[in-house]
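Content type mmCIF, C-alpha atoms, from the file work-v4.cif:
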```cif
data_query
loop_
_atom_site.label_atom_id
_atom_site.label_comp_id
_atom_site.auth_asym_id
_atom_site.auth_seq_id
_atom_site.Cartn_x
_atom_site.Cartn_y
_atom_site.Cartn_z
CA MET B 10 12.86 -10.41 -0.03
CA VAL B 11 11.79 -12.52 2.91
CA LYS B 12 13.86 -10.33 5.21
CA THR B 13 12.15 -7.20 3.89
CA SER B 14 8.76 -8.77 4.36
CA ASP B 15 9.62 -9.77 7.93
CA SER B 16 10.83 -6.30 8.79
CA SER B 17 7.67 -4.77 7.24
CA THR B 18 5.52 -7.08 9.34
CA ALA B 19 7.47 -6.17 12.47
CA LYS B 20 7.03 -2.46 11.70
CA LEU B 21 3.29 -2.90 11.20
CA ASP B 22 3.03 -4.84 14.46
CA THR B 23 4.90 -2.05 16.26
CA GLU B 24 2.62 0.58 14.68
CA LEU B 25 -0.44 -1.39 15.70
CA ARG B 26 0.71 -1.72 19.31
CA ARG B 27 1.98 1.85 19.57
CA GLY B 28 -1.52 3.28 19.60
CA ALA B 29 -2.49 1.03 22.48
CA VAL B 30 0.56 1.58 24.69
CA VAL B 31 -0.68 4.72 26.47
CA LEU B 32 -4.05 3.17 27.29
CA ALA B 33 -2.32 -0.02 28.49
CA VAL B 34 -0.09 2.03 30.82
CA LEU B 35 -3.02 4.08 32.12
CA SER B 36 -4.99 0.89 32.80
CA GLN B 37 -2.27 -0.45 35.11
CA LEU B 38 -1.76 2.81 36.95
CA ARG B 39 -5.16 2.91 38.57
CA THR B 40 -3.12 1.62 41.49
CA ALA B 41 0.32 3.09 42.20
CA GLN B 42 3.23 1.32 40.54
CA TYR B 43 6.89 2.06 39.97
CA GLY B 44 8.61 1.55 36.63
CA TYR B 45 9.84 -1.98 37.00
CA SER B 46 6.65 -3.31 38.62
CA LEU B 47 4.56 -1.67 35.89
CA ARG B 48 6.67 -3.28 33.20
CA GLN B 49 6.27 -6.66 34.90
CA ALA B 50 2.50 -6.19 35.22
CA LEU B 51 2.15 -5.31 31.55
CA ALA B 52 4.38 -8.19 30.44
CA GLU B 53 2.45 -10.68 32.55
CA ARG B 54 -0.78 -9.56 30.83
CA GLY B 55 0.73 -10.02 27.38
CA MET B 56 1.81 -6.43 26.70
CA PRO B 57 5.60 -6.34 26.99
CA ILE B 58 6.99 -2.84 26.48
CA GLU B 59 10.69 -2.06 26.19
CA GLU B 60 11.93 -0.33 29.33
CA GLY B 61 13.66 2.30 27.22
CA THR B 62 10.22 3.25 25.88
CA LEU B 63 8.15 2.74 29.01
CA TYR B 64 10.07 4.80 31.57
CA PRO B 65 10.34 8.00 29.50
CA LEU B 66 6.66 7.56 28.54
CA MET B 67 5.65 7.63 32.22
CA ARG B 68 7.54 10.90 32.63
CA ARG B 69 5.83 12.42 29.60
CA LEU B 70 2.40 11.39 30.86
CA GLU B 71 3.21 13.00 34.20
CA GLU B 72 4.26 16.21 32.43
CA GLN B 73 0.92 16.16 30.61
CA GLY B 74 -0.83 16.00 33.97
CA LEU B 75 -2.22 12.49 33.46
CA LEU B 76 -0.09 10.88 36.19
CA VAL B 77 1.13 11.96 39.59
CA SER B 78 4.22 10.53 41.23
CA GLU B 79 5.96 10.38 44.59
CA TRP B 80 9.18 8.90 45.95
CA ARG B 81 8.73 6.05 48.45
CA ILE B 82 11.41 4.46 50.56
CA ALA B 83 10.33 1.12 51.91
CA ASP B 84 12.40 -2.07 52.12
CA GLY B 85 14.91 -1.34 49.40
CA PRO B 86 16.14 1.55 47.26
CA PRO B 87 14.03 4.72 46.79
CA ARG B 88 11.39 4.17 44.12
CA ARG B 89 9.23 6.60 42.25
CA TYR B 90 5.60 5.48 42.25
CA TYR B 91 3.18 6.68 39.60
CA LYS B 92 -0.62 6.62 39.53
CA LEU B 93 -3.46 8.25 37.59
CA SER B 94 -4.22 11.87 38.39
CA PRO B 95 -7.90 13.00 38.38
CA LYS B 96 -7.35 14.26 34.81
CA GLY B 97 -5.72 10.93 33.90
CA SER B 98 -8.65 9.00 35.41
CA ARG B 99 -11.14 10.95 33.29
CA LEU B 100 -9.03 10.42 30.18
CA TYR B 101 -8.72 6.73 30.98
CA VAL B 102 -12.54 6.35 31.08
CA GLU B 103 -12.93 8.25 27.80
CA GLN B 104 -10.18 6.32 26.07
CA THR B 105 -11.57 3.00 27.30
CA ASP B 106 -14.93 3.83 25.69
CA ASN B 107 -13.15 4.85 22.51
CA TRP B 108 -11.16 1.64 22.55
CA HIS B 109 -14.29 -0.52 22.91
CA ALA B 110 -15.92 1.35 20.05
CA LEU B 111 -12.82 0.88 17.89
CA VAL B 112 -12.64 -2.84 18.70
CA ALA B 113 -16.35 -3.24 17.82
CA THR B 114 -15.77 -1.42 14.51
CA MET B 115 -12.69 -3.45 13.69
CA ASN B 116 -14.51 -6.70 14.54
CA LYS B 117 -17.26 -5.75 12.09
CA LEU B 118 -14.66 -4.98 9.43
CA LEU B 119 -12.67 -8.14 10.03
CA ASP B 120 -15.60 -10.55 10.22
CA MET W 7 34.67 -3.90 36.93
CA ASP W 8 31.78 -4.06 39.35
CA ALA W 9 28.33 -4.36 37.78
CA GLN W 10 27.05 -1.32 39.70
CA VAL W 11 29.95 0.75 38.31
CA VAL W 12 28.79 -0.08 34.78
CA ILE W 13 25.26 1.09 35.59
CA ASP W 14 26.47 4.24 37.37
CA SER W 15 28.73 5.10 34.46
CA TYR W 16 25.79 4.62 32.06
CA ILE W 17 23.49 6.78 34.23
CA ASN W 18 26.12 9.54 34.43
CA THR W 19 26.48 9.55 30.64
CA ILE W 20 22.71 9.94 30.25
CA ALA W 21 22.45 12.54 33.03
CA ALA W 22 25.08 14.71 31.38
CA ARG W 23 22.78 14.97 28.36
CA LEU W 24 19.61 15.77 30.32
CA PRO W 25 18.25 19.22 31.19
CA ARG W 26 19.52 20.29 34.64
CA ARG W 27 16.04 20.17 36.28
CA LEU W 28 15.59 16.49 35.30
CA ARG W 29 19.14 15.31 35.91
CA ASN W 30 18.99 14.14 39.55
CA ASP W 31 15.42 12.92 39.51
CA VAL W 32 15.72 10.84 36.35
CA GLY W 33 19.23 9.69 37.30
CA VAL W 34 18.14 8.27 40.69
CA GLU W 35 15.03 6.68 39.20
CA LEU W 36 16.94 5.05 36.35
CA ARG W 37 19.61 3.81 38.71
CA THR W 38 16.98 1.97 40.79
CA LEU W 39 15.20 0.62 37.74
CA LEU W 40 18.32 -0.65 35.99
CA THR W 41 19.64 -2.19 39.18
CA GLU W 42 16.37 -4.08 39.61
CA GLN W 43 16.52 -5.07 35.95
CA LEU W 44 20.02 -6.40 36.46
CA THR W 45 19.03 -8.31 39.61
CA ALA W 46 16.08 -9.87 37.81
CA ALA W 47 18.23 -10.83 34.79
CA ALA W 48 20.84 -12.41 37.07
CA ALA W 49 18.15 -14.34 38.94
CA THR W 50 16.71 -15.64 35.69
CA LEU W 51 20.14 -16.85 34.56
CA GLY W 52 20.95 -18.21 38.02
CA ARG W 53 24.19 -16.28 38.45
CA ALA W 54 25.48 -13.23 40.31
CA PRO W 55 25.26 -9.82 38.60
CA ASP W 56 28.56 -9.04 36.87
CA GLU W 57 30.08 -6.54 34.43
CA GLU W 58 29.06 -8.52 31.35
CA LEU W 59 25.41 -8.85 32.41
CA ALA W 60 25.25 -5.18 33.46
CA THR W 61 26.62 -4.18 30.05
CA ASP W 62 23.95 -6.30 28.33
CA VAL W 63 21.19 -4.71 30.45
CA VAL W 64 22.22 -1.14 29.63
CA ARG W 65 22.75 -1.97 25.95
CA ILE W 66 19.21 -3.30 25.74
CA PHE W 67 17.99 -0.12 27.42
CA GLY W 68 19.45 1.96 24.61
CA ARG W 69 22.30 4.25 23.66
CA PRO W 70 22.70 7.03 26.27
CA GLU W 71 22.03 9.74 23.63
CA GLU W 72 18.77 8.07 22.59
CA VAL W 73 17.62 7.57 26.17
CA ALA W 74 18.43 11.17 27.08
CA ALA W 75 16.52 12.34 23.98
CA ARG W 76 13.46 10.35 25.08
CA TYR W 77 13.47 12.11 28.45
CA SER W 78 14.21 15.57 27.10
CA PRO W 79 11.43 17.93 26.07
CA ARG W 80 10.72 17.75 22.35
CA GLY W 81 12.84 20.11 20.28
CA PHE W 82 11.52 23.30 18.71
CA GLN W 83 10.48 22.84 15.11
CA ILE W 84 11.61 25.90 13.16
CA ILE W 85 9.83 24.98 9.95
CA GLU W 86 6.74 22.79 9.93
CA PRO W 87 7.02 19.87 7.48
CA GLU W 88 4.12 21.14 5.35
CA GLN W 89 5.84 24.53 5.02
CA ALA W 90 9.22 23.03 4.04
CA PRO W 91 8.57 22.91 0.23
CA MET W 92 7.54 26.59 0.25
CA PHE W 93 10.60 27.51 2.29
CA ILE W 94 12.89 25.71 -0.17
CA LYS W 95 11.20 27.33 -3.19
CA LEU W 96 11.44 30.81 -1.66
CA SER W 97 15.08 30.24 -0.67
CA VAL W 98 15.98 29.12 -4.18
CA ALA W 99 14.05 32.06 -5.67
CA CYS W 100 15.86 34.42 -3.29
CA ALA W 101 19.27 33.11 -4.33
CA ALA W 102 18.27 33.08 -8.03
CA ILE W 103 17.06 36.70 -7.99
CA GLN W 104 20.22 37.73 -6.17
CA ALA W 105 22.34 35.96 -8.79
CA ALA W 106 20.29 37.32 -11.72
CA LEU W 107 20.70 40.88 -10.50
CA THR W 108 24.38 40.70 -9.62
CA LEU W 109 26.03 38.05 -11.82
CA PRO W 110 25.81 40.15 -15.02
CA ALA W 111 28.51 42.37 -13.48
CA VAL W 112 30.86 39.37 -13.61
CA PHE W 113 30.11 38.78 -17.30
CA ALA W 114 30.58 42.44 -17.99
CA SER W 115 34.00 42.02 -16.33
CA ARG W 116 33.35 44.72 -13.76
CA THR W 117 34.18 42.20 -11.03
CA THR W 118 35.61 38.69 -10.73
CA ILE W 119 33.65 35.59 -9.79
CA GLY W 120 35.65 35.39 -6.54
CA GLN W 121 34.73 38.92 -5.54
CA TRP W 122 31.13 38.26 -6.51
CA LEU W 123 31.05 35.11 -4.38
CA PHE W 124 32.31 36.86 -1.26
CA ASN W 125 29.99 39.84 -1.72
CA TRP W 126 26.72 38.99 -3.42
CA GLY W 127 27.07 35.19 -3.57
CA TYR W 128 27.31 34.57 0.13
CA GLY W 129 25.22 37.69 0.65
CA ALA W 130 22.29 35.73 -0.81
CA CYS W 131 22.38 33.72 2.43
CA ALA W 132 21.14 36.82 4.26
CA GLY W 133 17.84 36.53 2.41
CA ILE W 134 17.59 32.86 3.34
CA VAL W 135 18.31 33.68 7.01
CA ILE W 136 15.52 36.30 6.94
CA LEU W 137 13.18 33.65 5.52
CA LEU W 138 14.27 31.21 8.23
CA VAL W 139 13.51 33.73 10.96
CA TRP W 140 10.14 34.53 9.38
CA PHE W 141 9.12 30.87 9.10
CA GLY W 142 10.40 30.18 12.63
CA LEU W 143 8.37 33.05 14.12
CA ALA W 144 5.30 32.00 12.11
CA THR W 145 5.63 28.44 13.45
CA TRP W 146 6.00 29.75 17.00
CA VAL W 147 2.97 32.06 16.69
CA ARG W 148 0.85 29.27 15.25
CA ARG W 149 1.80 26.86 17.99
CA ARG W 150 1.05 29.45 20.67
CA SER W 151 -2.35 30.40 19.19
CA PRO W 152 -3.74 27.67 16.95
CA VAL W 153 -6.57 28.21 14.50
CA ASP W 154 -10.04 27.67 15.96
CA PRO W 155 -11.06 24.26 14.50
CA GLU W 156 -14.76 25.20 14.46
CA SER W 157 -14.73 28.58 12.75
CA LEU W 158 -11.33 28.15 11.03
CA THR W 159 -10.59 31.78 11.87
CA ARG W 160 -7.01 32.84 12.43
CA PRO W 161 -6.04 34.64 15.64
CA TRP W 162 -4.82 38.20 15.00
CA SER W 163 -1.24 37.19 15.85
CA HIS W 164 -1.10 34.98 12.72
CA HIS W 165 -1.16 38.09 10.54
CA LEU W 166 2.11 39.34 12.05
CA PHE W 167 4.03 36.47 10.47
CA TRP W 168 1.71 35.27 7.77
CA LEU W 169 2.05 31.85 6.18
CA PRO W 170 -0.71 30.03 4.32
CA LEU W 171 -2.80 27.44 6.13
CA SER W 172 -4.92 24.66 4.71
CA ALA W 173 -7.94 26.66 5.94
CA ASP W 174 -6.98 29.45 3.51
CA TRP W 175 -7.39 27.28 0.46
CA ARG W 176 -10.15 28.32 -1.93
CA PRO W 177 -10.99 26.66 -5.25
CA VAL W 178 -9.71 28.56 -8.27
CA ALA W 179 -11.59 28.25 -11.54
CA TYR W 180 -9.44 26.63 -14.21
CA VAL W 181 -8.44 29.08 -16.90
CA ASP W 182 -7.62 27.72 -20.32
CA HIS W 183 -4.83 30.00 -21.51
CA GLU W 184 -4.69 28.42 -24.95
CA PRO W 185 -7.23 30.57 -26.87
CA PHE W 186 -5.83 33.78 -25.36
CA GLN W 187 -2.28 32.67 -26.08
CA ARG W 188 -3.09 31.82 -29.68
CA GLY W 189 -4.75 35.20 -30.24
CA ALA W 190 -1.88 37.03 -28.54
CA GLU W 191 0.69 35.22 -30.66
CA LEU W 192 -1.13 36.01 -33.91
CA GLY W 193 -1.51 39.62 -32.79
CA ALA W 194 2.20 39.86 -31.98
CA LEU W 195 3.21 38.38 -35.34
CA PRO W 196 3.43 41.78 -37.14
CA LEU W 197 5.54 43.07 -34.24
CA GLY W 198 7.84 40.09 -34.67
CA VAL W 199 8.17 40.87 -38.38
CA VAL W 200 9.05 44.50 -37.60
CA PHE W 201 11.55 43.37 -34.96
CA THR W 202 13.17 40.96 -37.45
CA ILE W 203 13.42 43.66 -40.14
CA PHE W 204 15.02 45.96 -37.60
CA PHE W 205 17.52 43.25 -36.71
CA ILE W 206 18.37 42.63 -40.38
CA ALA W 207 19.03 46.27 -41.23
CA PRO W 208 18.66 48.74 -38.37
CA ALA W 209 20.20 51.70 -40.23
CA TRP W 210 17.87 51.21 -43.20
CA PHE W 211 14.87 50.69 -40.87
CA LEU W 212 15.53 53.87 -38.90
CA GLY W 213 16.27 55.80 -42.09
CA PHE W 214 12.91 54.59 -43.46
CA LEU W 215 11.06 55.80 -40.36
CA THR W 216 12.78 59.13 -39.89
CA PRO W 217 12.59 62.20 -42.22
CA LYS W 218 14.86 62.14 -45.19
CA GLY W 219 18.26 63.54 -44.51
CA THR W 220 18.42 62.19 -40.93
CA ASN W 221 21.74 60.47 -40.34
CA ALA W 222 21.13 56.88 -39.20
CA SER W 223 24.76 55.81 -39.51
CA TRP W 224 24.97 55.45 -35.70
CA ALA W 225 22.81 52.35 -36.03
CA LEU W 226 25.53 50.37 -37.78
CA TYR W 227 26.37 46.94 -36.40
CA GLU W 228 29.74 46.14 -34.97
CA GLU W 229 31.55 44.15 -37.67
CA HIS W 230 32.38 41.00 -35.69
CA PHE W 231 28.77 40.72 -34.40
CA ARG W 232 27.35 41.30 -37.89
CA HIS W 233 29.38 38.48 -39.42
CA SER W 234 29.20 35.82 -36.72
CA LEU W 235 26.21 35.96 -34.32
CA LEU W 236 23.72 38.14 -36.20
CA PRO W 237 23.00 35.63 -39.01
CA ILE W 238 22.21 32.93 -36.43
CA LEU W 239 19.88 35.27 -34.53
CA ILE W 240 18.08 36.33 -37.70
CA ALA W 241 17.72 32.72 -38.88
CA LEU W 242 16.23 31.75 -35.50
CA MET W 243 13.85 34.69 -35.59
CA ALA W 244 12.72 33.83 -39.09
CA VAL W 245 12.10 30.18 -38.20
CA ARG W 246 10.22 31.20 -35.05
CA LEU W 247 8.04 33.60 -37.07
CA ALA W 248 7.27 30.94 -39.65
CA LEU W 249 6.36 28.37 -36.99
CA CYS W 250 4.28 30.94 -35.11
CA ALA W 251 2.31 31.75 -38.25
CA ALA W 252 1.80 28.05 -39.04
CA ALA W 253 0.69 27.28 -35.48
CA GLY W 254 -1.65 30.26 -35.42
CA ILE W 255 -3.40 29.23 -38.59
CA ASN W 256 -3.56 25.47 -38.08
CA ALA W 257 -4.67 24.24 -34.62
CA GLY W 258 -3.58 20.64 -35.30
CA LEU W 259 -0.11 21.78 -36.29
CA ARG W 260 0.02 24.01 -33.22
CA ALA W 261 -0.18 21.02 -30.84
CA ARG W 262 2.54 19.16 -32.73
CA LEU W 263 4.87 22.15 -32.85
CA THR W 264 4.60 22.98 -29.13
CA VAL W 265 7.87 21.36 -28.02
CA ILE W 266 9.90 22.58 -31.03
CA ARG W 267 8.62 26.14 -30.63
CA PHE W 268 9.31 26.15 -26.91
CA GLY W 269 12.83 24.81 -27.50
CA LEU W 270 13.50 27.51 -30.12
CA TRP W 271 12.14 30.16 -27.75
CA VAL W 272 14.49 29.04 -24.97
CA CYS W 273 17.47 28.88 -27.40
CA PHE W 274 16.71 32.34 -28.76
CA THR W 275 16.36 33.80 -25.26
CA GLY W 276 19.64 32.19 -24.19
CA LEU W 277 21.40 33.55 -27.29
CA LEU W 278 20.07 37.01 -26.61
CA TYR W 279 21.35 36.86 -23.01
CA TRP W 280 24.75 35.89 -24.37
CA THR W 281 24.56 38.70 -26.89
CA VAL W 282 23.73 41.30 -24.25
CA PHE W 283 26.44 40.28 -21.82
CA SER W 284 29.26 39.17 -24.12
CA TRP W 285 28.95 41.00 -27.42
CA LYS W 286 29.17 44.49 -28.72
CA ILE W 287 26.10 44.91 -30.95
CA PHE W 288 26.42 48.42 -32.34
CA ALA W 289 29.65 50.12 -33.31
CA SER W 290 28.72 53.28 -31.40
CA PRO W 291 28.68 52.88 -27.61
CA ILE W 292 25.51 54.87 -26.80
CA PRO W 293 23.18 53.04 -29.21
CA ASP W 294 24.78 49.80 -28.06
CA ALA W 295 24.03 50.52 -24.38
CA LEU W 296 20.48 51.76 -25.14
CA PHE W 297 19.64 48.77 -27.31
CA LYS W 298 21.01 46.37 -24.70
CA ALA W 299 18.91 48.03 -21.99
CA TRP W 300 15.84 47.57 -24.16
CA LEU W 301 16.83 43.95 -24.86
CA MET W 302 17.18 43.32 -21.10
CA ILE W 303 13.56 44.37 -20.52
CA TYR W 304 12.49 42.10 -23.38
CA LEU W 305 14.58 39.24 -21.92
CA LEU W 306 13.19 39.74 -18.42
CA VAL W 307 9.60 39.49 -19.68
CA ASN W 308 10.49 36.43 -21.78
CA SER W 309 12.31 34.73 -18.91
CA ILE W 310 9.29 35.13 -16.63
CA GLN W 311 7.04 33.72 -19.35
CA ILE W 312 9.36 30.75 -19.90
CA LEU W 313 9.54 30.02 -16.17
CA LEU W 314 5.74 30.25 -15.88
CA ARG W 315 5.35 27.89 -18.84
CA ILE W 316 7.76 25.40 -17.25
CA TYR W 317 5.97 25.70 -13.89
CA ARG W 318 2.56 25.12 -15.47
CA GLY W 319 3.94 22.20 -17.46
CA LEU W 320 5.44 20.58 -14.38
CA THR W 321 2.43 21.08 -12.11
CA GLN W 322 -0.31 20.20 -14.57
CA VAL W 323 -2.02 16.81 -14.29
CA ARG W 324 -1.85 15.01 -17.62
CA VAL W 325 -3.68 11.86 -18.61
CA PRO W 326 -1.02 9.20 -19.34
CA LYS W 327 -0.78 8.29 -23.03
CA THR W 328 -1.86 4.74 -22.24
CA LEU W 329 -5.18 6.08 -20.87
CA ALA W 330 -5.73 8.87 -23.38
#
```
Encoding of this model in structure tokens:
Amino acid sequence: MVKTSDSSTAKLDTELRRGAVVLAVLSQLRTAQYGYSLRQALAERGMPIEEGTLYPLMRRLEEQGLLVSEWRIADGPPRRYYKLSPKGSRLYVEQTDNWHALVATMNKLLD
Amino acid sequence: MDAQVVIDSYINTIAARLPRRLRNDVGVELRTLLTEQLTAAAATLGRAPDEELATDVVRIFGRPEEVAARYSPRGFQIIEPEQAPMFIKLSVACAAIQAALTLPAVFASRTTIGQWLFNWGYGACAGIVILLVWFGLATWVRRRSPVDPESLTRPWSHHLFWLPLSADWRPVAYVDHEPFQRGAELGALPLGVVFTIFFIAPAWFLGFLTPKGTNASWALYEEHFRHSLLPILIALMAVRLALCAAAGINAGLRARLTVIRFGLWVCFTGLLYWTVFSWKIFASPIPDALFKAWLMIYLLVNSIQILLRIYRGLTQVRVPKTLA
């Protein structure tokens, strides 16, 4: 029973975070980042995302026109850098407003 | 094995499952990312990257099939989840109609069940394939031209492959069939009596209706049927008539007799099906065939009514007894 309860809690946590993942990624791509550095940046700010989820997500966001990417070869192997496209920047502003509104609503509900 | 070989092998397995246009791009990117991941993991543990650590890194990343699926474009959905129940119902109905129309030939011994299976049995799948194509095209059309969320109007292309949408729903006034049904049953009672009399003595009945001197001997029952199945059928008919009369007169009794009457109705219909397909009713072949054809029409109407009754019973919301 305890195991079931733990797994239910973990699922709910995952569900809760899932909705915020895209906005979290967009927030860190206002400046260009490549996959590994983005993952590190998110983890350092308390939002660890599995690499198996994060890297395909960046590709999908690029396909949706929210990100643009380019290959860069500096000191090391070639890396693909991603950053917000103009469409992604607009969406980021909108979604940030929505997020603040949602947080305010939730705070009222939880108080 | 070298750690980089493990990663390259993993990348190649994923790349083989990716669409061609993504293969090189994603492969090179993943190779860099996993190599950096491996370097970081080795640094954290304070050891050099090796086969074991590389294997752990790629295992954490995910099974190659799963990773490839995450990168691949989402698959085409042939049937939308909300349309799935309708698709299943129509498929079952398609197979059932096919069986109802063709299986009697097996009972009439015109063909074997094996022959039936390879002709009409599997042939029923053709109907299901047509449904699948229809639903698939409807899904495609609806994804290409969605309904306008403001006006809820369908684009013209939706009418080519029509499927219901939530926007189509309109409230339907509830119709209480009970008073109509009760009246219809009472009205049909004399017909039931006539039908029962005919079943008891068809030759006498026809002789009574036709001018004197007309020979009604062709309406004589086949001996085996008359002695074995006929008495059961007549007894069932008589009981059904009695219960119908009682339920028509007394409303309280009607509610209590519902299940028994329905059960008798189903039994009687089943027996009649058996009679039509497995018994010789009249001694003469022509009256036998004509009467069976008439019985088939009667059975078809009854079967539809029974199925409708079951459907209404299953889909109706009932107040639980504890709350009644």
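The smallest atom-to-atom distance between chain W and any of B:Val34, B:Ala41, B:Leu63, B:Leu51, using all atoms listed in the file, is found for B:Leu63.
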For Thr105 (chain B), find every residue with an atom within 10 Å (counting only C-alpha atoms), except residues of its own chain fewer than 5 positions away, and show them as a list in words. Leu32, Ala33, Leu35, Ser36, Arg99, Leu100, Ala110 and Leu111 of chain B
Can I get the selected residues back with C-alpha atoms, as a PDB file, in the frame of the given file?
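In the end it all went to result-v1.pdb:
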```pdb
ATOM      1  CA  LEU B  32      -4.050   3.170  27.290  1.00  0.00           C
ATOM      2  CA  ALA B  33      -2.320  -0.020  28.490  1.00  0.00           C
ATOM      3  CA  LEU B  35      -3.020   4.080  32.120  1.00  0.00           C
ATOM      4  CA  SER B  36      -4.990   0.890  32.800  1.00  0.00           C
ATOM      5  CA  ARG B  99     -11.140  10.950  33.290  1.00  0.00           C
ATOM      6  CA  LEU B 100      -9.030  10.420  30.180  1.00  0.00           C
ATOM      7  CA  ALA B 110     -15.920   1.350  20.050  1.00  0.00           C
ATOM      8  CA  LEU B 111     -12.820   0.880  17.890  1.00  0.00           C
TER       9      LEU B 111
END
```
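Put simply, the PyMOL selection byres ((chain W and resi 315) around 12) on this file hits His183, Glu184, Gln187, Thr264, Val265, Phe268, Gly269, Trp271, Val272, Asn308, Ser309, Ile310, Gln311, Ile312, Leu313, Leu314, Ile316, Tyr317, Arg318, Gly319, Leu320, Thr321 and Gln322 of chain W.
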Run the PyMOL selection byres ((chain W and resi 236-240) around 9) on the file and write out the hits as a list in words. Thr202, Phe205, Ile206, Phe231, Arg232, His233, Ser234, Leu235, Ala241, Leu242, Met243, Ala244, Val245, Phe274, Leu277, Leu278 and Ile287 of chain W
Would you translate the PyMOL selection byres ((chain B) within 7 of (chain W)) into the concrete set of residues it matches in this file, as a PyMOL selection string? chain B and resi 44-45+60-61+65+86+88-89
Would you save the residues from that selection as a compact mmCIF listing (two decimals), in the coordinates of the input, using C-alpha atoms?
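Written out: again_7.txt:
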```
# COMPACT_ATOMS: atom_id res chain seq x y z
CA GLY B 44 8.61 1.55 36.63
CA TYR B 45 9.84 -1.98 37.00
CA GLU B 60 11.93 -0.33 29.33
CA GLY B 61 13.66 2.30 27.22
CA PRO B 65 10.34 8.00 29.50
CA PRO B 86 16.14 1.55 47.26
CA ARG B 88 11.39 4.17 44.12
CA ARG B 89 9.23 6.60 42.25
```
Neighbours of region 142-144 of chain W within 10 Å (all atoms listed in the file; same-chain residues fewer than 6 positions away dropped), as a tab-separated table (two decimals) with C-alpha atoms, in the frame of the given file?
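Saved to around.tsv:
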```tsv
chain	number	residue	atom	x	y	z
W	82	PHE	CA	11.52	23.30	18.71
W	83	GLN	CA	10.48	22.84	15.11
W	84	ILE	CA	11.61	25.90	13.16
W	85	ILE	CA	9.83	24.98	9.95
W	86	GLU	CA	6.74	22.79	9.93
W	136	ILE	CA	15.52	36.30	6.94
W	150	ARG	CA	1.05	29.45	20.67
W	163	SER	CA	-1.24	37.19	15.85
W	164	HIS	CA	-1.10	34.98	12.72
W	165	HIS	CA	-1.16	38.09	10.54
W	166	LEU	CA	2.11	39.34	12.05
W	167	PHE	CA	4.03	36.47	10.47
W	168	TRP	CA	1.71	35.27	7.77
W	169	LEU	CA	2.05	31.85	6.18
```
From the list W:Met92, W:Trp140, W:Asp14, W:Ala22, which residue is nearest Thr61 (chain W) when using all atoms listed in the file? W:Asp14
In Å, how far is it from CA of Leu137 (chain W) to CA of Ser157 (chain W)? 29.3 Å
What does the distance between CA of Asn18 (chain W) and CA of Val63 (chain W) come to in Å, to one decimal place? 15.6 Å
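Of the residues under consideration (B:Ile82, B:Val31, B:Leu118, B:Val77), B:Val31 shows the shortest atom-to-atom contact distance to Thr62 (chain B) when counting all atoms listed in the file.
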Counting all atoms listed in the file, what is within 10 Å of Leu249 (chain W), bar same-chain residues fewer than 6 positions away, as an NGL selection string? :W and (243 or 255 or 259-260 or 263-264 or 266-267 or 270)
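For the pair CA of Leu305 (chain W) and CA of Gly198 (chain W), the interatomic distance is 14.4 Å.
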Find the residues with any atom within 12 Å of (2.3, 13.5, 31.6); use all atoms listed in the file and the coordinates as given in the file, and write the answer as a list in words. Val31, Val34, Leu35, Tyr64, Pro65, Leu66, Met67, Arg68, Arg69, Leu70, Glu71, Glu72, Gln73, Gly74, Leu75, Leu76, Val77, Ser78, Tyr91, Lys92, Leu93, Ser94, Lys96, Gly97 and Leu100 of chain B; Tyr77 and Pro79 of chain W
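The environment of Trp122 (chain W) within 8 Å, counting only C-alpha atoms and disregarding residues fewer than 6 places along the same chain, consists of W:Thr108, W:Leu109, W:Val112.
Minimum distance to Thr23 (chain B) across B:Glu79, B:Glu59, B:Asp84, B:Glu103 (counting only C-alpha atoms) occurs at B:Glu59.
Between Ala225 (chain W) and the candidates W:Phe93, W:Phe288, W:Tyr16, W:Trp300, the tightest atom-to-atom separation, counting only C-alpha atoms, involves W:Phe288.
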Residue rebuild result region 26-32 of chain B, N, CA and C atoms as a short mmCIF file (atom, residue, chain, number, x, y, z; two decimals), in the coordinates of the input:
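Saved the output as rebuild_29.cif:
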```cif
data_model
loop_
_atom_site.label_atom_id
_atom_site.label_comp_id
_atom_site.auth_asym_id
_atom_site.auth_seq_id
_atom_site.Cartn_x
_atom_site.Cartn_y
_atom_site.Cartn_z
N ARG B 26 0.64 -1.71 17.85
CA ARG B 26 0.71 -1.72 19.31
C ARG B 26 0.92 -0.31 19.87
N ARG B 27 1.61 0.53 19.07
CA ARG B 27 1.98 1.85 19.57
C ARG B 27 0.76 2.65 20.04
N GLY B 28 -0.30 2.53 19.26
CA GLY B 28 -1.52 3.28 19.60
C GLY B 28 -2.15 2.83 20.91
N ALA B 29 -1.84 1.59 21.29
CA ALA B 29 -2.49 1.03 22.48
C ALA B 29 -1.63 1.19 23.74
N VAL B 30 -0.38 1.57 23.57
CA VAL B 30 0.56 1.58 24.69
C VAL B 30 0.10 2.52 25.81
N VAL B 31 -0.31 3.73 25.45
CA VAL B 31 -0.68 4.72 26.47
C VAL B 31 -1.86 4.20 27.28
N LEU B 32 -2.88 3.67 26.57
CA LEU B 32 -4.05 3.17 27.29
C LEU B 32 -3.67 1.99 28.18
#
```
